[in-house]
Each structure stands twice: as C-alpha cells, then as structure tokens.
Amino acid sequence: MTRLPDFRLETYFSRWEFTARHHLTASDVQTMTLGELLSLADDKDREAFENLPLGYTETFGDPALREVIAQTYENAGADDVICFAGAEEALYLAMNVLLDAGDHAVVVTPNYQAAETVPLALCEVTGVALDPDRDWALDLDAVAAALRPNTRVLSVNFPNNPTGKVIDADDFTALARLCDERGIHLFSDEVYRGLERDPARILPQAADLSERALSLNVTSKSLGLPGLRIGWITCRDRELLSRLVRAKHYTTICNSAPSEVLARIALKAREPILRRNRALIAANLPAFESFFSEFADDFDWQAPDGGCVAYPRYLGPDGVEEFCTRLVEEAGVLLLPASIYRSELTSTPPDRFRIGIGRHHSEEGLAAFAQWMRTRR
C-alpha cells in the first residue's frame with residue numbers, strides 16, 4: 001500500500017467527534033432516520049429493500065442505482081458511472097489509476113486532505129491556492145502557469161471544503177476547456193453540489209463538460225446520508241472506467257447491497273431532500289450571523305457561497321490552535337482549526353477554523369460557544 005501521512009482530520013475527529021457535547025464543525029447536513037428515508041420510497045423500492053437478498057453486488061454498482069445517478073447528469077449514461085464505498089475510496093483509486101511516478105498533478109488548495117496527499121504519494125504535485133483576500137478567488141492564469149507537459153490531473157473542489165467558495169460557471173467551463181486542450185483529466189469533487197445559497201451559482205458537472213473529466217459525488221454531504229457509504233465517479237472515458245473497476249477489485253470489490261437500494265431511494269427523492277437541506281441551512285444562518293455579529297472583534301465571518309461549512313478567521317492573540325483546543329476542552333464545542341487544512345503545496349491561512357451550518361440544534365452549540373466567549377472578556 002502507498003505510504004500516506006496521518007489523516008489529520010480523522011485523527012482529530014477520533015479524539016473529539018463523539019465526545020464533544022456540541023459538534024459545531026460537521027461537514028454534512030443533518031441526516032434522517034432509516035424510517036424517514038423509506039417513507040420517501042415508492043412501493044417497488046420499499047419492497048426491494050425489505051426483500052433484498054444479502055449477497056454480493058456488481059463491482060460497478062447496482063444497475064438501477066447507476067441509472068438513477070446518470071439521470072442527474074446532462075450528458076452521461078448509466079455505463080458512465082461506477083459506484084464506490086464513499087467518496088474517499090473513489091478519490092484514492094482514481095488518483096492511483098490516473099497518476100504514476102514521472103507524472104505531475106495540480107491541486108487547488110485548501111481542500112480535503114486526501115485530494116493533496118494521495119497525489120503527493122504518487123508523483124510531483126503543484127498547488128494553486130484560493131486567495132482569501134479576494135473572497136477565495138481562483139486565479140485561472142495561475143492554474144495555467146502550473147501546468148506542465150507531463151500534467152495528468154487537475155483536481156478541484158466546488159463548493160469548496162472548507163471555504164464554501166463557488167467560482168463562476170464561466171471560469172469552471174474554462175478549466176474544463178483548458179484541461180481538454182492539454183490532454184489533462186479534470187477531477188472535480190462535487191460532493192456539496194446542490195447546497196448553493198443562490199441557485200444561479202450551481203456549476204455544471206465536470207463530466208457533462210468533458211469526456212475526459214471525472215465528477216466525484218457521494219450521498220454523504222448534500223444529501224446528509226453519510227451512513228450509507230455510497231459514492232460514485234461519473235466519467236465518459238470508458239477505458240478509464242474499466243481501469244477504475246479493476247482497481248476496485250483490490251479494495252471493496254462491491255458495495256453494501258442494502259446501502260445501494262437506500263441510495264437509490266435517496267437519489268430518486270433528491271430534489272425534496274435538497275430542498276429540505278437548503279431550508280435548514282437558510283434557517284440556521286441568522287443564528288450564525290447573530291453570533292459573529294456579537295463577537296465581531298474576535299472573528300471575521302463570511303457565509304459560504306455553497307455547502308454547509310464556512311471558514312471564518314479568528315482574530316484573537318492566542319491563535320486559532322489554542323483557541324479551538326480550549327473551546328472543546330472547556331465548553332465542549334468542537335471546531336476544526338487551520339492546521340487540519342495546512343498544505344504542503346501552498347501557504348494556507350493559519351488563523352481560520354471550519355464551522356458547520358447544516359445541523360439541527362446549532363443554536364445550542366452557538367449558545368455554549370457564546371457563553372464561553374463572554375467568560376473570556
């Protein structure tokens with residue numbers, strides 16, 4: 001197995017995620033119960049779940065699930081979809097299939113750690129940072145300048161984790177065109193797609209823009225169903241998909257049969273689930289705005305363009321690492337400090353923290369947070 005560094009986020013979560021009283025940094029929207037999800041199923045899918053044989057499933061994924069996934073794209077069919085055990089397996093295998101020693105990749109930062117560390121374990125990687133001083137803008141000229149003759153992959157994530165940034169659709173289309181012109185695979189992490197605050201900001205999916213592009217998605221984030229552990233890659237390059245499925249033979253081989261049926265139910269009910277989740281975020285935002293308004297001398301806050309996480313700046317003299325540690329130890333409020341998102345490729349702001357805005361009862365965590373802040377004055 002490729003040697004990889006500790007996964008900082010998961011190491012931090014293993015210490016605090018299930019012990020902190022207020023998980024105020026969740027990267028997914030509030031989930032639903034199995035009963036709530038089944039209530040959205042039609043009679044055929046409910047019967048399929050209740051009478052499901054618990055045998056092996058197809059390595060590519062349940063055909064009916066892949067058909068439903070394909071219907072969420074403009075230019076892709078079921079044969080362009082391969083399912084995985086979550087997005088992490090998909091990302092890991094895609095990078096191992098696409099990259100070899102002697103290749104080069106470009107990764108936009110900050111990002112989910114694996115998007116950087118997996119390519120770094122395989123080849124040379126160049127980072128291009130979103131600019132925090134320009135509303136996390138992406139400089140397309142900087143991306144073009146980072147490309148080399150041996151560049152094989154450009155990896156992006158919008159809506160971005162942790163910043164919530166969504167670039168303009170014209171810029172995203174230009175990235176896809178640039179990759180096609182250079183024979184590069186655009187790897188697009190789209191796990192927060194559908195949670196944009198302004199529907200006009202929703203980006204096209206990379207797999208719709210280019211036959212070479214890979215669109216990564218999962219049931220965990222926008223749909224709020226991480227326990228299903230179902231992710232997928234959509235790509236119209238059939239030879240690449242064949243290589244991906246052969247790589248999957250060495251990992252999970254196939255997915256959980258019950259999870260695939262439940263994912264099918266969720267994706268058929270995708271629009272009402274996304275409406276529910278966007279409404280929850282919209283209902284939560286005033287409480288976050290009020291909190292950060294009260295403590296405007298301590299934080300620089302900006303609501304995200306999309307997704308359910310934001311990345312405020314901490315202005316205190318003690319620094320964000322000590323601040324987050326004391327907050328969880330003394331008040332039981334969990335945030336993710338900037339060190340979780342540090343990059344080996346680019347400079348990253350050392351004074352930020354990730355906060356989640358998509359869970360029920362966020363006001364309870366914010367109240368505990370506010371009470372702790374007041375005692376520090």
# chains A, B, ... in the order shown; residues from 1 in each chain; ligands from 1

$ select_by_dssp --residues "stretch 12-256 of chain A" --states "strand (DSSP E or B)" --output "compact mmCIF listing (two decimals) with C-alpha atoms, in the first residue's frame"
# COMPACT_ATOMS: atom_id res chain seq x y z
CA HIS A 22 -21.57 20.27 20.56
CA HIS A 23 -20.32 19.10 17.16
CA VAL A 81 -21.00 5.60 -13.64
CA ILE A 82 -19.08 3.45 -11.17
CA CYS A 83 -20.06 3.30 -7.50
CA PHE A 84 -17.70 3.16 -4.52
CA HIS A 104 2.50 15.68 -12.47
CA ALA A 105 -0.75 16.88 -10.90
CA VAL A 106 -2.16 20.28 -9.96
CA VAL A 107 -4.36 20.60 -6.88
CA VAL A 108 -6.35 23.65 -5.79
CA THR A 109 -5.97 24.41 -2.07
CA GLU A 124 5.07 15.59 -8.27
CA VAL A 125 2.23 17.94 -7.38
CA THR A 126 1.84 21.71 -7.67
CA GLY A 127 -0.69 23.63 -5.61
CA VAL A 128 -2.70 26.67 -6.63
CA ALA A 129 -4.25 28.45 -3.66
CA ASP A 131 -6.98 33.76 -2.42
CA ALA A 137 -10.87 33.70 -5.81
CA THR A 151 0.50 17.09 -16.05
CA ARG A 152 -2.15 14.38 -15.98
CA VAL A 153 -4.68 15.65 -13.41
CA LEU A 154 -6.14 18.97 -12.27
CA SER A 155 -8.04 18.47 -9.01
CA VAL A 156 -10.69 20.98 -7.89
CA ASN A 157 -13.50 21.09 -5.32
CA HIS A 185 -8.14 14.87 -16.68
CA LEU A 186 -10.19 17.37 -14.68
CA PHE A 187 -11.00 15.69 -11.36
CA SER A 188 -13.93 17.58 -9.86
CA ASP A 189 -15.08 16.96 -6.29
CA LEU A 214 -14.28 12.87 -13.66
CA SER A 215 -17.15 14.03 -11.44
CA LEU A 216 -16.96 12.78 -7.84
CA ASN A 217 -20.08 12.71 -5.70
CA VAL A 218 -21.49 10.90 -2.67
CA GLY A 231 -20.13 7.44 -3.57
CA TRP A 232 -19.57 7.46 -7.32
CA ILE A 233 -17.48 8.72 -10.18
CA THR A 234 -19.09 9.68 -13.45

$ select_by_dssp --residues "stretch 60-270 of chain A" --states "alpha helix (DSSP H)" --output "number ranges by chain"
A: 63-70, 86-98, 113-120, 140-146, 169-182, 206-209, 238-248, 257-268, 270

$ closest_atom_pairs --of "stretch 89-154 of chain A" --to "stretch 292-305 of chain A" --cutoff "12 Å" --atoms "only C-alpha atoms" --output "tab-separated table"
residue	atom	partner	partner_atom	distance
A:Pro132	CA	A:Gln302	CA	11.1
A:Asp133	CA	A:Asp300	CA	11.8
A:Asp135	CA	A:Gln302	CA	9.1
A:Trp136	CA	A:Pro304	CA	10.4
A:Ala137	CA	A:Asp305	CA	12.0

$ residues_around --residues "stretch 256-267 of chain A" --least-positions-apart "5" --cutoff "6 Å" --atoms "only C-alpha atoms" --output "number ranges by chain"
A: 41, 65, 228

$ closest_residue --among "A:Gly194, A:Arg342, A:Arg270, A:Glu74" --to "A:Ala206" --atoms "only C-alpha atoms"
A:Glu74

$ residues_around --residues "A:Leu334" --least-positions-apart "6" --cutoff "10 Å" --atoms "only C-alpha atoms" --output "list in words"
Phe13, Trp16, Glu17, Thr19, Ala20, Arg21, His22, His23, Leu24, Thr25, Ala26, Cys324, Thr325, Arg326, Leu327, Val328, Arg354, Ile355, Gly356, Gly365 and Phe369 of chain A

$ atom_distance --atom1 "atom CA of A:Ala144" --atom2 "atom CA of A:Leu178"
7.7 Å

$ closest_residue --among "A:Ala247, A:Pro199, A:Asn277, A:Ser343" --to "A:Gln113" --atoms "only C-alpha atoms"
A:Ser343
